[in-house]
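Q: Take this structure first; my questions come after.
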Amino acid sequence: MTEIQLVSDFNTDVFGRYLAADQTTPVCTVAKAPFGQLFQALQSPSSAGVGVVWARPEGVSPRYAGLLDGEAADLDALLAETEAFAQLIRRFADSKTLVLVATLVPSRNDRGLGMLDWSPMGPAYVLARMNARLAEALAGARGVHLLDAGRWLEAGHGSPRSAKHWFALKCPFTEPVCQAAARDVKAALRGALGQSRKLVVVDLDDTMWGGVVGEVGWRKLRLGGHDHVGEAFVDFQKALKALTRRGIQVALVSKNDEAVALDAIDNHPAMVLRRGDLAGWRINWTDKARNVADLVAELNLGLSSVVFIDDNPAERGRVAEALPEVLVPDWPKDPTLYGDALRRLDCFEQAAITAEDRNRTGMYVVERQRKDSVAAFTSLEDWLASLEIRVEAAPLDEVNLKRAVQLLNKTNQLNLRTRRLTETELLAWVAEGEGRQVMTLGVADRFGDLGLTGLISWERRGDDLEIADYLLSCRAMGRQVEPYMLHLAVEAARAAGAKRVLARAIPTERNHPCLEFWRQSGFAESEPNLFTWDAARPYAKPAAIQSGP
């Protein structure tokens with residue numbers, strides 16, 4: 001259960017009710033600050049772990065309120081009031097794991113100054129400057145994220161603001177706006193907790209392009225050209241390509257002849273997505289639900305990471321029924337709406353975009369090359385030796401913090417305790433205990449760089465060194481990085497004079513591979529899910545790892 005403190009200068013009853021009633025993960029409880037006490041609430045935070053701040057611009061700046069009433073205003077003084085508001089939020093965030101702040105939007109139904117609204121002291125221009133100052137002042141604040149409240153005003157029909165609502169309820173916004181705000185906050189919470197979707201599985205015929213390639217051939221597909229439908233399919237592919245640049249992967253599942261479909265992907269001049277943009281594919285005549293499950297397993301992902309898009313409602317229904325963890329959105333019949341439908345999905349939220357995210361598609365492509373190389377070797381040991389695996393272990397710092405937190409919140413299969421922490425919580429954990437350390441691991445081999453893929457942390461408990469976090473991204477599994485992390489922990493214990501190394505696993509529905517590794521690691525399972533090692537004995541560094549102590 002996630003506890004949220006709402007802070008506002010208006011009545012947030014409707015907004016709070018939508019947040020509390022939404023049963024999608026994470027389920028929330030909501031506590032509202034007293035009405036009209038925006039600044040007092042920011043200076044007296046509750047114990048709730050998450051703060052949501054949504055204020056009117058006239059509540060933030062008395063000078064802006066005067067500007068709306070026709071008074072002259074000093075822009076520098078007005079921006080100084082915005083800066084003071086931002087500094088209060090920064091201090092408020094010190095007591096929270098996450099703070100979501102709504103951008104400032106007009107709360108009145110009026111034309112402002114008409115053609116002068118964007119003049120140097122017009123309300124529209126001044127409000128834009130206030131939002132820019134707010135963003136600048138909050139940039140770099142740990143655990144603080146701005147949400148675009150302008151999107152909320154586009155929800156529903158009719159005006160998003162209501163004078164009647166204000167006079168009767170002391171809320172300037174209509175119910176659809178409050179509902180959209182609650183949905184956006186829930187999406188941001190999922191992103192911060194690592195619960196966003198990571199893979200989009202897409203059909204080909206009449207989804208990626210117009211027409212059935214096996215019947216008309218790739219030259220006659222509706223894709224690009226002087227054709228509004230062909231242009232729409234290109235736009236949809238561009239939207240998919242944009243996701244890959246954020247670390248969201250794209251894969252194909254299609255009932256087609258594989259050679260014919262790949263020929264179209266390789267050769268059609270209007271294709272935006274090529275083989276190098278794809279994490280994988282299943283192009284055959286097998287049941288699509290089975291193909292989705294097989295493909296996800298091959299990519300070492302969970303079904304809860306997947307979105308399935310298909311123009312055929314029967315195929316969507318089949319996958320939704322067989323694989324309920326997969327998100328199967330309703331899909332428009334009109335291809336000109338495909339791009340917008342994809343861009344409106346709120347399941348891809350991210351708290352940060354790292355270098356590993358931007359390079360992830362290339363990593364999957366290289367991984368296919370690694371797997372293909374196995375055929376040239378008669379033993380696993382020879383294959384591992386041929387990879388020339390290099391591991392760089394580094395302590396937690398400002399450079400690797402965001403990626404470390406991303407790993408903590410997204411890794412499921414090889415994860416000892418599945419502990420989910422924000423940046424603030426991880427740094428606090430390191431600072432507050434005895435002998436606590438977090439080590440991150442970057443992995444590379446002769447095919448390329450897999451990026452920062454592993455993390456292990458430990459703390460001193462009397463004569464024991466206890467491993468708190470042990471996790472490895474699925475793409476680095478099976479490279480001997482798993483025992484190398486134990487080698488690091490045992491070496492740290494020996495250097496510190498500890499007598500034992502302990503690790504207590506917390507089983508989940510998805511970390512069975514981690515438990516299996518530990519049970520074969522050489523550590524003694526002294527009681528169920530508690531693994532121990534006598535620190536007087538060194539733990540051998542794997543022969544396949546070329547770097548490290």
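Each chain of the structure tokens is named A, B, ... in the order shown, its residues numbered from 1; ligands are numbered from 1 in display order.
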Can you pull out every residue within 6 Å of Leu530 in chain A, counting only C-alpha atoms, but drop anything in the same chain fewer than 2 positions away, and send it as a VMD selection string?
A: chain A and resid 503 to 504 525 527 to 528
Q: Could you save the residues just selected, with N, CA and C atoms, as a PDB file, in the first residue's frame?
A:
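The resulting file, again17.pdb, is reproduced below:
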```pdb
ATOM      1  N   ALA A 503      23.348 -14.898   3.328  1.00  0.00           N
ATOM      2  CA  ALA A 503      22.407 -14.365   2.331  1.00  0.00           C
ATOM      3  C   ALA A 503      21.050 -15.001   2.601  1.00  0.00           C
ATOM      4  N   ARG A 504      20.053 -14.154   2.810  1.00  0.00           N
ATOM      5  CA  ARG A 504      18.709 -14.672   3.077  1.00  0.00           C
ATOM      6  C   ARG A 504      17.816 -14.348   1.880  1.00  0.00           C
ATOM      7  N   GLU A 525      22.920 -24.253   2.744  1.00  0.00           N
ATOM      8  CA  GLU A 525      21.582 -23.770   3.086  1.00  0.00           C
ATOM      9  C   GLU A 525      21.276 -24.259   4.502  1.00  0.00           C
ATOM     10  N   GLU A 527      19.310 -23.248   6.786  1.00  0.00           N
ATOM     11  CA  GLU A 527      17.872 -23.362   7.020  1.00  0.00           C
ATOM     12  C   GLU A 527      17.204 -22.904   5.734  1.00  0.00           C
ATOM     13  N   PRO A 528      15.915 -23.162   5.543  1.00  0.00           N
ATOM     14  CA  PRO A 528      15.302 -22.826   4.261  1.00  0.00           C
ATOM     15  C   PRO A 528      15.549 -21.373   3.853  1.00  0.00           C
TER      16      PRO A 528
END
```
Q: Just the strand (DSSP E) stuff from range 259-498 of chain A, please, per backbone DSSP, written as JSON, numbers by chain.
A: {"A": [280, 281, 282, 283, 284, 306, 307, 308, 309, 390, 391, 392, 393, 394, 395, 437, 438, 439, 440, 441, 442, 443, 444, 445, 448, 449, 450, 451, 452, 453, 454, 455, 456, 457, 458, 459, 460, 461, 464, 465, 466, 467, 468, 469, 470, 471, 472]}
Q: Which residues are near range 456-468 of chain A? Cut-off 6 Å, only C-alpha atoms, ignore same chain within fewer than 3 positions. Put them as a list in words.
A: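 Final neighbour list, sorted by chain and number: Glu434, Gly435, Arg436, Gln437, Val438, Met439, Ala493, Ala498, Lys499, Arg500, Val501, Leu502 and Ala503 of chain A.
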Q: For each of A:Leu67, A:Leu515, A:Ala505, A:Leu134, take the minimum atom-to-atom distance to Gln87 in chain A, counting only C-alpha atoms, then give the residue where this is smallest.
A: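 Closest candidate: A:Leu134.
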Q: Restricting the calculation to only C-alpha atoms, which member of A:Phe167, A:Phe348, A:Tyr470, A:Trp209 is positioned closest to Ile265 in chain A?
A: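 So, comparing all the options, the nearest one is A:Trp209.
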Q: Need the shell around Phe236 in chain A: protein/DNA/RNA residues with any atom at most 8 Å away, counting only C-alpha atoms. Skip same-chain ones fewer than 2 positions apart. Format as a ChimeraX atom specification?
A: /A:208,232-234,238-240,338-340,342
Q: Keeping only C-alpha atoms, write the selected residues to a file as an mmCIF file, in the first residue's frame.
A:
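Wrote it out as out.cif, contents follow:
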```
data_model
loop_
_atom_site.group_PDB
_atom_site.id
_atom_site.type_symbol
_atom_site.label_atom_id
_atom_site.label_comp_id
_atom_site.auth_asym_id
_atom_site.auth_seq_id
_atom_site.Cartn_x
_atom_site.Cartn_y
_atom_site.Cartn_z
ATOM 1 C CA MET A 208 2.881 -2.599 -39.113
ATOM 2 C CA ALA A 232 -0.003 6.549 -41.100
ATOM 3 C CA PHE A 233 1.753 3.158 -40.975
ATOM 4 C CA VAL A 234 5.112 4.956 -41.267
ATOM 5 C CA LYS A 238 8.230 6.008 -35.997
ATOM 6 C CA ALA A 239 6.363 5.932 -32.685
ATOM 7 C CA LEU A 240 7.646 2.392 -32.066
ATOM 8 C CA TYR A 338 -2.384 3.935 -34.645
ATOM 9 C CA GLY A 339 0.456 6.334 -33.896
ATOM 10 C CA ASP A 340 -1.591 8.447 -31.489
ATOM 11 C CA LEU A 342 0.531 4.109 -29.070
#
```
Q: One decimal, in Å: what's the spacing between CA of Val481 in chain A and CA of Arg420 in chain A?
A: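 Interatomic distance, CA of Val481 in chain A to CA of Arg420 in chain A: 21.8 Å.
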Q: Env of Leu199 in chain A: 6 Å cut, atoms = only C-alpha atoms, seq-sep filter 4 positions within chain, self excluded. Answer as JSON, numbers by chain.
A: {"A": [248, 249, 250, 306]}
Q: Using backbone DSSP assignments, extract all helix (DSSP H, G or I) residues from range 156-273 of chain A; output them as a ChimeraX atom specification.
A: /A:163-169,175-192,213-216,218-220,228-244,258-267
Q: For Phe35 in chain A, work out the shell of residues within 8 Å, counting only C-alpha atoms and skipping chain neighbours fewer than 6 positions away, then give it as a compact mmCIF listing (two decimals) with C-alpha atoms, in the first residue's frame.
A:
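What landed in part.txt:
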```txt
# COMPACT_ATOMS: atom_id res chain seq x y z
CA SER A 8 -2.75 21.93 -2.70
CA ASP A 9 -4.28 25.39 -2.35
CA PHE A 10 -7.68 24.07 -3.50
CA ASN A 11 -10.03 21.26 -2.49
```
Q: Using only C-alpha atoms, can you tell me which of A:Pro57, A:Pro62, A:Gly143, A:Ala394 comes closest to Thr103 in chain A?
A: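 Using only C-alpha atoms, the shortest distance to Thr103 in chain A belongs to A:Pro57.
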Q: Identify which of the residues A:Leu426, A:Leu278, A:Cys347, A:Ala355 lies closest to Arg368 in chain A, counting only C-alpha atoms when measuring atom-to-atom distances.
A: A:Leu278
Q: Which residues are near range 38-49 of chain A? Cut-off 6 Å, only C-alpha atoms, ignore same chain within fewer than 5 positions. Put them as a PDB file with all heavy atoms, in the first residue's frame.
A:
```pdb
ATOM      1  N   GLU A   3       1.263   5.189   0.557  1.00  0.00           N
ATOM      2  CA  GLU A   3       0.630   6.315   1.237  1.00  0.00           C
ATOM      3  C   GLU A   3       1.004   7.615   0.531  1.00  0.00           C
ATOM      4  O   GLU A   3       2.181   7.891   0.302  1.00  0.00           O
ATOM      5  CB  GLU A   3       1.059   6.370   2.702  1.00  0.00           C
ATOM      6  CG  GLU A   3       0.618   5.161   3.506  1.00  0.00           C
ATOM      7  CD  GLU A   3       1.029   5.274   4.965  1.00  0.00           C
ATOM      8  OE1 GLU A   3       1.553   6.339   5.365  1.00  0.00           O
ATOM      9  OE2 GLU A   3       0.828   4.308   5.709  1.00  0.00           O
ATOM     10  N   ILE A   4      -0.006   8.411   0.213  1.00  0.00           N
ATOM     11  CA  ILE A   4       0.195   9.659  -0.519  1.00  0.00           C
ATOM     12  C   ILE A   4      -0.308  10.836   0.311  1.00  0.00           C
ATOM     13  O   ILE A   4      -1.420  10.785   0.862  1.00  0.00           O
ATOM     14  CB  ILE A   4      -0.536   9.633  -1.874  1.00  0.00           C
ATOM     15  CG1 ILE A   4       0.061   8.556  -2.782  1.00  0.00           C
ATOM     16  CG2 ILE A   4      -0.484  10.991  -2.559  1.00  0.00           C
ATOM     17  CD1 ILE A   4      -0.639   8.439  -4.122  1.00  0.00           C
ATOM     18  N   GLN A   5       0.482  11.888   0.372  1.00  0.00           N
ATOM     19  CA  GLN A   5       0.051  13.145   0.953  1.00  0.00           C
ATOM     20  C   GLN A   5      -0.216  14.127  -0.172  1.00  0.00           C
ATOM     21  O   GLN A   5       0.679  14.454  -0.951  1.00  0.00           O
ATOM     22  CB  GLN A   5       1.105  13.726   1.903  1.00  0.00           C
ATOM     23  CG  GLN A   5       0.688  15.069   2.512  1.00  0.00           C
ATOM     24  CD  GLN A   5       1.773  15.705   3.358  1.00  0.00           C
ATOM     25  OE1 GLN A   5       2.889  15.179   3.449  1.00  0.00           O
ATOM     26  NE2 GLN A   5       1.463  16.838   3.977  1.00  0.00           N
ATOM     27  N   SER A   8      -2.150  21.060  -1.707  1.00  0.00           N
ATOM     28  CA  SER A   8      -2.753  21.929  -2.704  1.00  0.00           C
ATOM     29  C   SER A   8      -3.287  23.183  -2.035  1.00  0.00           C
ATOM     30  O   SER A   8      -3.445  23.239  -0.811  1.00  0.00           O
ATOM     31  CB  SER A   8      -3.884  21.190  -3.429  1.00  0.00           C
ATOM     32  OG  SER A   8      -4.477  22.011  -4.406  1.00  0.00           O
ATOM     33  N   ASP A   9      -3.604  24.184  -2.861  1.00  0.00           N
ATOM     34  CA  ASP A   9      -4.278  25.389  -2.349  1.00  0.00           C
ATOM     35  C   ASP A   9      -5.765  25.362  -2.688  1.00  0.00           C
ATOM     36  O   ASP A   9      -6.461  26.341  -2.488  1.00  0.00           O
ATOM     37  CB  ASP A   9      -3.627  26.649  -2.924  1.00  0.00           C
ATOM     38  CG  ASP A   9      -3.808  26.767  -4.430  1.00  0.00           C
ATOM     39  OD1 ASP A   9      -3.791  25.720  -5.105  1.00  0.00           O
ATOM     40  OD2 ASP A   9      -3.958  27.894  -4.932  1.00  0.00           O
ATOM     41  N   PHE A  92      10.565  19.819   1.353  1.00  0.00           N
ATOM     42  CA  PHE A  92       9.483  18.852   1.558  1.00  0.00           C
ATOM     43  C   PHE A  92       9.923  17.463   1.088  1.00  0.00           C
ATOM     44  O   PHE A  92       9.637  16.443   1.735  1.00  0.00           O
ATOM     45  CB  PHE A  92       8.259  19.345   0.780  1.00  0.00           C
ATOM     46  CG  PHE A  92       7.066  18.433   0.783  1.00  0.00           C
ATOM     47  CD1 PHE A  92       6.272  18.284   1.900  1.00  0.00           C
ATOM     48  CD2 PHE A  92       6.696  17.753  -0.380  1.00  0.00           C
ATOM     49  CE1 PHE A  92       5.146  17.473   1.887  1.00  0.00           C
ATOM     50  CE2 PHE A  92       5.578  16.939  -0.412  1.00  0.00           C
ATOM     51  CZ  PHE A  92       4.800  16.797   0.734  1.00  0.00           C
ATOM     52  N   LYS A  96      10.406  12.603   1.911  1.00  0.00           N
ATOM     53  CA  LYS A  96       9.633  11.710   1.052  1.00  0.00           C
ATOM     54  C   LYS A  96      10.557  10.845   0.203  1.00  0.00           C
ATOM     55  O   LYS A  96      11.708  11.197  -0.052  1.00  0.00           O
ATOM     56  CB  LYS A  96       8.725  12.519   0.103  1.00  0.00           C
ATOM     57  CG  LYS A  96       7.798  13.506   0.788  1.00  0.00           C
ATOM     58  CD  LYS A  96       6.740  12.815   1.609  1.00  0.00           C
ATOM     59  CE  LYS A  96       5.789  13.822   2.224  1.00  0.00           C
ATOM     60  NZ  LYS A  96       4.850  13.172   3.174  1.00  0.00           N
ATOM     61  N   THR A  97      10.050   9.716  -0.228  1.00  0.00           N
ATOM     62  CA  THR A  97      10.786   8.907  -1.203  1.00  0.00           C
ATOM     63  C   THR A  97      10.521   9.374  -2.625  1.00  0.00           C
ATOM     64  O   THR A  97      11.337   9.170  -3.518  1.00  0.00           O
ATOM     65  CB  THR A  97      10.388   7.426  -1.091  1.00  0.00           C
ATOM     66  OG1 THR A  97       8.979   7.289  -1.317  1.00  0.00           O
ATOM     67  CG2 THR A  97      10.731   6.886   0.297  1.00  0.00           C
TER      68      THR A  97
END
```
Q: Name the closest residue to Pro313 in chain A among the candidates A:Leu79, A:Ile545, A:Val328, A:Leu88; distances are taken between atoms, counting only C-alpha atoms.
A: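 Among the listed residues, the smallest separation from Pro313 in chain A belongs to A:Val328.
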Q: From the options A:Trp518, A:Phe173, A:Trp383, A:Trp533, which residue's atoms come nearest to Ile506 in chain A, counting only C-alpha atoms?
A: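 Closest candidate: A:Trp518.
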Q: At what distance in Å, to one decimal, does CA of Trp429 in chain A lie from CA of Ala141 in chain A?
A: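 Distance reported for this atom pair: 18.5 Å.
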Q: When you draw a straight line from CA of Asp334 in chain A to CA of Thr207 in chain A, how long is it in Å?
A: 10.2 Å
